[in-house]
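J.: One structure follows; several queries about it will come next.
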2 protein chains.
Amino acid sequence: MALIVQKFGGTSVGGLDRVRHVAKIITETYNQGNDVVVVLSAQGKYTDELIARALEYNPKASKRELDQLMSTGEQQSVALAAMCIQGMGYPVVSLNAWQVGFKTNTTYGDARITRIDTERLQLELDQHKIVLFTGFQGINRRGDVTTLGRGGSDTSAVALAAALHADLCQIYTDVDGVYTSDPNKVKGTHKLEEITYDEMLELATVGAGVLHNRSVEMAKRYHVNLEVLSSFTGKPGTKVKEVVKKMEKSHVSGVAKDKNIARLALVGLKNEPGIAFHIFSLLAQKKINVDIILQSIGRDEQKDISFTVTKSDLEQARQILEDRKDTLGFERLEINDHVAKVSIVGAGMIGNPGVAANMFEALFNAGININMISTSEIKVSVLVDERDADRAVQAVHDKFFTEYGR
Amino acid sequence: MALIVQKFGGTSVGGLDRVRHVAKIITETYNQGNDVVVVLSAQGKYTDELIARALEYNPKASKRELDQLMSTGEQQSVALAAMCIQGMGYPVVSLNAWQVGFKTNTTYGDARITRIDTERLQLELDQHKIVLFTGFQGINRRGDVTTLGRGGSDTSAVALAAALHADLCQIYTDVDGVYTSDPNKVKGTHKLEEITYDEMLELATVGAGVLHNRSVEMAKRYHVNLEVLSSFTGKPGTKVKEVVKKMEKSHVSGVAKDKNIARLALVGLKNEPGIAFHIFSLLAQKKINVDIILQSIGRDEQKDISFTVTKSDLEQARQILEDRKDTLGFERLEINDHVAKVSIVGAGMIGNPGVAANMFEALFNAGININMISTSEIKVSVLVDERDADRAVQAVHDKFFTEYGR
């Protein structure tokens with residue numbers, strides 16, 4: 001007998017038929033002799049509907065009242081699912097954040113989890129009940145409702161799994177696992193049986209995010225065994241864990257693409273020490289995340305610095321730099337938002353310098369120009385023209401998973 | 001400066017325009033320098049919609065999960081209204097039953113209030129915030145959501161007013177006060193400025209219930225000054241209190257009608273002592289409320305007993321009596337569900353025996369036959385044929401409020 005936490009997203013519980021299907025998965029897990037704690041999101045697009053209504057009442061409503069309103073979505077979801085499971089003859093109870101004692105800080109709309117009291121949960125599990133818990137929400141020390149922001153329900157599930165020392169945390173999504181690349185766009189992909197937390201984090205960063213990073217980071221910190229799987233297929237998904245047994249020969253776990261990126265280049269900067277520090281601390285103050293950075297080797301009295309930001313930060317970054325043109329002393333600011341980042345991710349890269357070279361070779365053979373390069377211990381990213389991105393992913397994927405890896 | 005509790009029902013908060021209107025009433029009260037605590041119902045028919053959805057998921061859902069689901073209606077209502085009031089520039093906070101500590105027993109779907117912690121409420125009032133509170137719901141000692149059943153939101157408001165020692169509890173409804181009779185059906189009615197708790201209770205019992213008895217009983221017990229008024233007219237309503245100054249000459253406050261009634265007659269009972277006790281204890285065991293009772297004076301060896309019950313209890317009462325036909329030893333059971341009860345209510349009746357006589361005279365002059373009579377210190381009820389009911393009410397109303405009273 002194991003303790004299993006399962007999480008189902010809004011699509012999985014959108015309407016009676018889907019709830020019935022989810023109830024079948026839950027009760028089958030229960031029938032196998034497991035303790036089951038289930039985290040549910042609000043049904044379908046209900047949270048969006050509530051936000052739309054809030055905007056009607058006050059476009060500048062306080063986040064506290066927005067959280068108070070939005071949290072009703074998950075509460076309805078767990079109550080209705082509990083009714084459905086009751087109808088199938090199983091003992092079940094729905095619980096809210098405040099009933100469980102799912103504590104967060106006071107940042108309404110984007111709260112961080114601070115503590116979970118497991119007493120009530122344990123009490124219900126001791127009575128062999130299936131527990132349905134409202135994802136995405138918590139309560140703060142004032143006794144007010146908070147919501148957890150993006151990826152909130154996944155994080156709720158992982159946090160519960162950590163607090164309860166669950167044997168497994170299953171995140172049901174609309175995909176059936178993590179693939180070597182996007183199966184809808186790349187030929188020859190296959191599903192990974194296992195992947196490490198770090199690889200999963202890197203994959204999410206480069207835009208292949210099946211799971212939100214926050215939940216993966218928490219899983220890594222508390223050693224929660226994760227599984228990403230589909231509520232529709234019923235097949236095993238991808239396990240996310242600390243160390244994976246490398247059954248596959250490839251050193252690379254996946255190839256991903258990120259088009260939500262733009263490049264800024266400061267051309268003709270004075271070749272003075274501290275200039276890079278100056279630029280990036282300005283951006284950091286405004287919470288603009290900078291990704292790949294490339295600095296030309298200074299010649300004469302000038303150098304260039306290029307870097308990438310997400311597209312949503314582009315305009316603000318441009319403004320900050322233009323405003324300081326005189327202080328920073330650059331000739332011109334070049335912007336290119338028709339770029340894409342292609343990355344390979346794999347824990348097996350460490351100590352295998354040949355991996356990066358193989359990637360570059362594949363791109364060269366495909367006639368694709370590399371703009372910038374960035375590497376970490378388990379990732380190599382290159383910046384290419386946006387129009388080359390899909391071909392680049394396919395070429396790199398072929399290299400590692402057709403020619404080389406398999 | 002006073003502390004005022006205001007309650008608005010579902011119709012009053014059904015949609016943005018109505019919430020805006022309610023927000024105006026609330027903020028005007030606040031602007032006059034008052035502390036304001038507001039109890040809101042779910043918007044419009046939202047509770048009914050939630051129940052309908054629950055029935056889809058499980059027609060036999062547990063009341064615990066139903067309460068969990070239904071309570072989201074008031075939560076949405078207070079959050080949206082809070083947003084609206086925020087938009088008008090006022091400090092406001094919405095609170096749920098569990099945030100306030102609005103404790104009840106564990107009877108899901110029909111819970112009784114056991115205790116209210118006023119700490120959080122007082123904290124918010126000390127910060128000069130308008131407090132919006134979810135009516136109709138509480139939490140029990142298990143930490144689960146309960147709902148209060150019929151008349152729940154009125155009762156929530158009165159209970160809060162009692163706990164906070166409020167100066168006034170205003171119940172906003174779709175009528176602008178308590179009338180001498182139903183103004184939609186009786187000519188010449190007028191609104192009462194004041195009425196006693198007892199009169200209000202009797203009026204509710206005889207089917208003129210502007211307020212649910214439960215809330216009036218609680219107001220009486222805790223000496224809460226009530227006012228019933230309309231959210232639409234902006235005029236003063238009817239005050240409900242312990243003792244009223246009798247500005248009006250009439251000894252009667254109102255005339256009411258109740259068609260939800262049926263008469264049973266046990267004909268040819270043995271004239272033995274204890275037979276009435278036997279019958280009514282049988283019915284009491286099944287929680288059937290018996291209203292008017294009439295026992296014929298026994299002649300020879302037989303007597304008759306007639307009594308009334310609500311229509312919903314009729315079939316069960318009939319069954320109980322038929323099953324014991326031999327034990328009770330009656331000849332036959334006669335049933336008439338085409339009857340109506342017409343009542344006059346007034347604290348001024350005490351020590352004025354002429355009042356009942358005036359009522360009978362009015363009915364006699366209108367050619368209406370009286371089936372049964374029942375009197376209490378502040379009420380006289382008569383049973384008439386259902387088809388005579390409206391004429392009876394008009395005739396009695398004319399007698400007291402046109403000829404006699406004014």
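Ordering of the structure tokens sets the chain letters (A, B, ...); residue numbers start at 1 within each chain; ligands are numbered from 1 in the order shown.
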Should the cut-off be 6 Å, what would the residue list for chain B against chain A look like, counting only C-alpha atoms, as a PyMOL selection string?
T.: chain B and resi 57-58+61+65+69+72+76+79+83-84+87
J.: If you count only C-alpha atoms, which residues fall within 9 Å of stretch 221-227 of chain A, apart from same-chain ones fewer than 4 positions away, as a PyMOL selection string?
T.: chain A and resi 158-159+161-163+165-172+177+194+216-217+236-242
J.: Could you write out that same residue set with N, CA and C atoms as a tab-separated table (two decimals), in the first residue's frame?
T.:
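What follows is the written file part.tsv:
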```
chain	number	residue	atom	x	y	z
A	158	VAL	N	2.46	18.90	-5.35
A	158	VAL	CA	3.80	18.52	-4.92
A	158	VAL	C	4.00	18.86	-3.44
A	159	ALA	N	3.48	20.02	-3.01
A	159	ALA	CA	3.62	20.41	-1.61
A	159	ALA	C	2.90	19.43	-0.69
A	161	ALA	N	2.28	16.29	-1.40
A	161	ALA	CA	3.05	15.04	-1.46
A	161	ALA	C	4.25	15.12	-0.54
A	162	ALA	N	4.90	16.29	-0.51
A	162	ALA	CA	6.05	16.47	0.37
A	162	ALA	C	5.63	16.41	1.83
A	163	ALA	N	4.57	17.14	2.17
A	163	ALA	CA	4.13	17.21	3.57
A	163	ALA	C	3.67	15.85	4.08
A	165	HIS	N	4.72	12.96	2.90
A	165	HIS	CA	5.73	11.95	2.55
A	165	HIS	C	5.12	10.90	1.62
A	166	ALA	N	4.42	11.38	0.61
A	166	ALA	CA	3.75	10.48	-0.33
A	166	ALA	C	4.78	9.67	-1.12
A	167	ASP	N	4.40	8.49	-1.54
A	167	ASP	CA	5.29	7.66	-2.33
A	167	ASP	C	5.39	8.15	-3.77
A	168	LEU	N	4.33	8.79	-4.25
A	168	LEU	CA	4.31	9.22	-5.64
A	168	LEU	C	3.34	10.39	-5.80
A	169	CYS	N	3.72	11.32	-6.66
A	169	CYS	CA	2.84	12.44	-6.99
A	169	CYS	C	2.60	12.41	-8.49
A	170	GLN	N	1.37	12.07	-8.88
A	170	GLN	CA	1.04	11.94	-10.30
A	170	GLN	C	0.36	13.21	-10.80
A	171	ILE	N	0.99	13.85	-11.78
A	171	ILE	CA	0.40	15.06	-12.37
A	171	ILE	C	-0.24	14.66	-13.70
A	172	TYR	N	-1.56	14.63	-13.70
A	172	TYR	CA	-2.28	14.29	-14.93
A	172	TYR	C	-2.46	15.55	-15.78
A	177	GLY	N	3.20	12.53	-21.23
A	177	GLY	CA	4.53	12.44	-20.65
A	177	GLY	C	5.44	13.47	-21.27
A	194	GLU	N	11.92	8.21	-18.01
A	194	GLU	CA	12.37	8.92	-16.82
A	194	GLU	C	13.13	10.17	-17.21
A	216	VAL	N	8.41	21.68	-10.04
A	216	VAL	CA	9.56	20.79	-10.21
A	216	VAL	C	10.65	21.14	-9.18
A	217	GLU	N	10.85	22.44	-8.99
A	217	GLU	CA	11.83	22.87	-7.98
A	217	GLU	C	11.45	22.34	-6.60
A	236	PRO	N	1.46	4.49	-18.80
A	236	PRO	CA	2.45	5.08	-17.91
A	236	PRO	C	3.01	6.35	-18.53
A	237	GLY	N	3.36	7.32	-17.70
A	237	GLY	CA	3.88	8.57	-18.23
A	237	GLY	C	5.38	8.66	-18.08
A	238	THR	N	5.86	9.82	-17.74
A	238	THR	CA	7.29	10.04	-17.52
A	238	THR	C	7.53	10.30	-16.04
A	239	LYS	N	8.49	9.55	-15.45
A	239	LYS	CA	8.82	9.76	-14.05
A	239	LYS	C	9.90	10.84	-13.95
A	240	VAL	N	9.71	11.73	-13.00
A	240	VAL	CA	10.70	12.78	-12.77
A	240	VAL	C	11.30	12.52	-11.40
A	241	LYS	N	12.64	12.30	-11.36
A	241	LYS	CA	13.27	11.95	-10.09
A	241	LYS	C	14.69	12.47	-10.01
A	242	GLU	N	15.35	12.18	-8.90
A	242	GLU	CA	16.69	12.72	-8.67
A	242	GLU	C	17.70	12.14	-9.67
```
J.: Quick check for you: according to DSSP on this backbone, which residues of stretch 193-403 of chain B are classed as strand (DSSP E)? Reply as JSON, numbers by chain.
T.: {"B": [194, 195, 196, 226, 227, 228, 229, 230, 238, 239, 240, 241, 254, 255, 256, 257, 258, 262, 263, 264, 265, 266, 267, 268, 269, 270, 293, 294, 295, 302, 303, 304, 305, 306, 307, 308, 309, 332, 333, 334, 335, 336, 339, 340, 341, 342, 343, 344, 345, 372, 373, 374, 375, 376, 379, 380, 381, 382, 383, 384, 385]}
J.: Of the candidates B:Thr104, B:Ser312, B:Thr134, B:Thr180, which one gets nearest to B:Val37 if we count only C-alpha atoms?
T.: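 Of all the options, B:Thr134 lies closest to B:Val37.
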J.: Residues near A:Ile305, anyone? I mean within 6 Å using only C-alpha atoms, not counting same-chain ones fewer than 3 positions away, as a VMD selection string.
T.: chain A and resid 265 to 266 294 to 295
J.: Neighbouring residues of A:Arg263 were defined as those with any atom within 7 Å, considering only C-alpha atoms; residues of the same chain fewer than 2 positions away were excluded. Please report them as a list in words.
T.: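 So the residues in contact are Ile261, Ala265, Ser306, Phe307, Thr308, Val309, Ile335, Asn336 and Asp337 of chain A.
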J.: If you run DSSP over the backbone, which residues in stretch 113-276 of chain A end up alpha helix (DSSP H)? Put them as a ChimeraX atom specification.
T.: /A:119-126,152-163,197-205,213-221,275-276
J.: Please, which residues in stretch 315-365 of chain B fall within 6 Å of stretch 267-287 of chain B when counting only C-alpha atoms, and what is the closest atom pair and distance in Å to one decimal for each, ordered by chain then residue number, as a Markdown table?
T.:
```
| residue | atom | partner | partner_atom | distance |
| --- | --- | --- | --- | --- |
| B:Gly329 | CA | B:Leu269 | CA | 5.9 |
| B:Phe330 | CA | B:Leu269 | CA | 4.2 |
| B:Glu331 | CA | B:Gly268 | CA | 4.9 |
| B:Arg332 | CA | B:Val267 | CA | 5.4 |
```
J.: Kindly export the residues of the current selection with C-alpha atoms, as a compact mmCIF listing (two decimals), in the first residue's frame.
T.:
```txt
# COMPACT_ATOMS: atom_id res chain seq x y z
CA GLY B 329 -61.54 2.86 17.39
CA PHE B 330 -63.01 5.58 15.16
CA GLU B 331 -65.75 5.12 12.59
CA ARG B 332 -64.23 7.08 9.75
```
J.: Quick one, how far is atom CA of B:Val380 from atom CA of B:Asn289?
T.: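 Distance reported for this atom pair: 18.3 Å.
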J.: Do you know which residues are at most 9 Å from A:Asn369 counting only C-alpha atoms, after dropping those on the same chain fewer than 4 positions away, and could you put them as a PDB file with N, CA and C atoms, in the first residue's frame?
T.:
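Saved to around_39.pdb:
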```pdb
ATOM      1  N   LEU A 363      23.515  21.439 -36.986  1.00  0.00           N
ATOM      2  CA  LEU A 363      23.024  22.727 -37.470  1.00  0.00           C
ATOM      3  C   LEU A 363      23.796  23.176 -38.722  1.00  0.00           C
ATOM      4  N   PHE A 364      25.092  22.950 -38.693  1.00  0.00           N
ATOM      5  CA  PHE A 364      25.924  23.293 -39.856  1.00  0.00           C
ATOM      6  C   PHE A 364      25.473  22.521 -41.085  1.00  0.00           C
ATOM      7  N   LEU A 383      21.057  30.420 -30.348  1.00  0.00           N
ATOM      8  CA  LEU A 383      20.067  31.352 -30.873  1.00  0.00           C
ATOM      9  C   LEU A 383      20.128  31.289 -32.394  1.00  0.00           C
ATOM     10  N   VAL A 384      18.977  31.068 -33.013  1.00  0.00           N
ATOM     11  CA  VAL A 384      18.918  31.013 -34.478  1.00  0.00           C
ATOM     12  C   VAL A 384      17.813  31.937 -34.967  1.00  0.00           C
ATOM     13  N   ASP A 385      17.798  32.176 -36.271  1.00  0.00           N
ATOM     14  CA  ASP A 385      16.691  32.936 -36.847  1.00  0.00           C
ATOM     15  C   ASP A 385      15.379  32.191 -36.602  1.00  0.00           C
ATOM     16  N   ASP A 388      14.276  29.598 -38.997  1.00  0.00           N
ATOM     17  CA  ASP A 388      15.049  28.350 -39.039  1.00  0.00           C
ATOM     18  C   ASP A 388      14.731  27.426 -37.862  1.00  0.00           C
TER      19      ASP A 388
END
```
J.: State, in Å with one decimal place, the distance from atom CA of B:Phe360 to atom CA of B:Ser181.
T.: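 Computed distance, atom CA of B:Phe360 to atom CA of B:Ser181, equals 17.6 Å.
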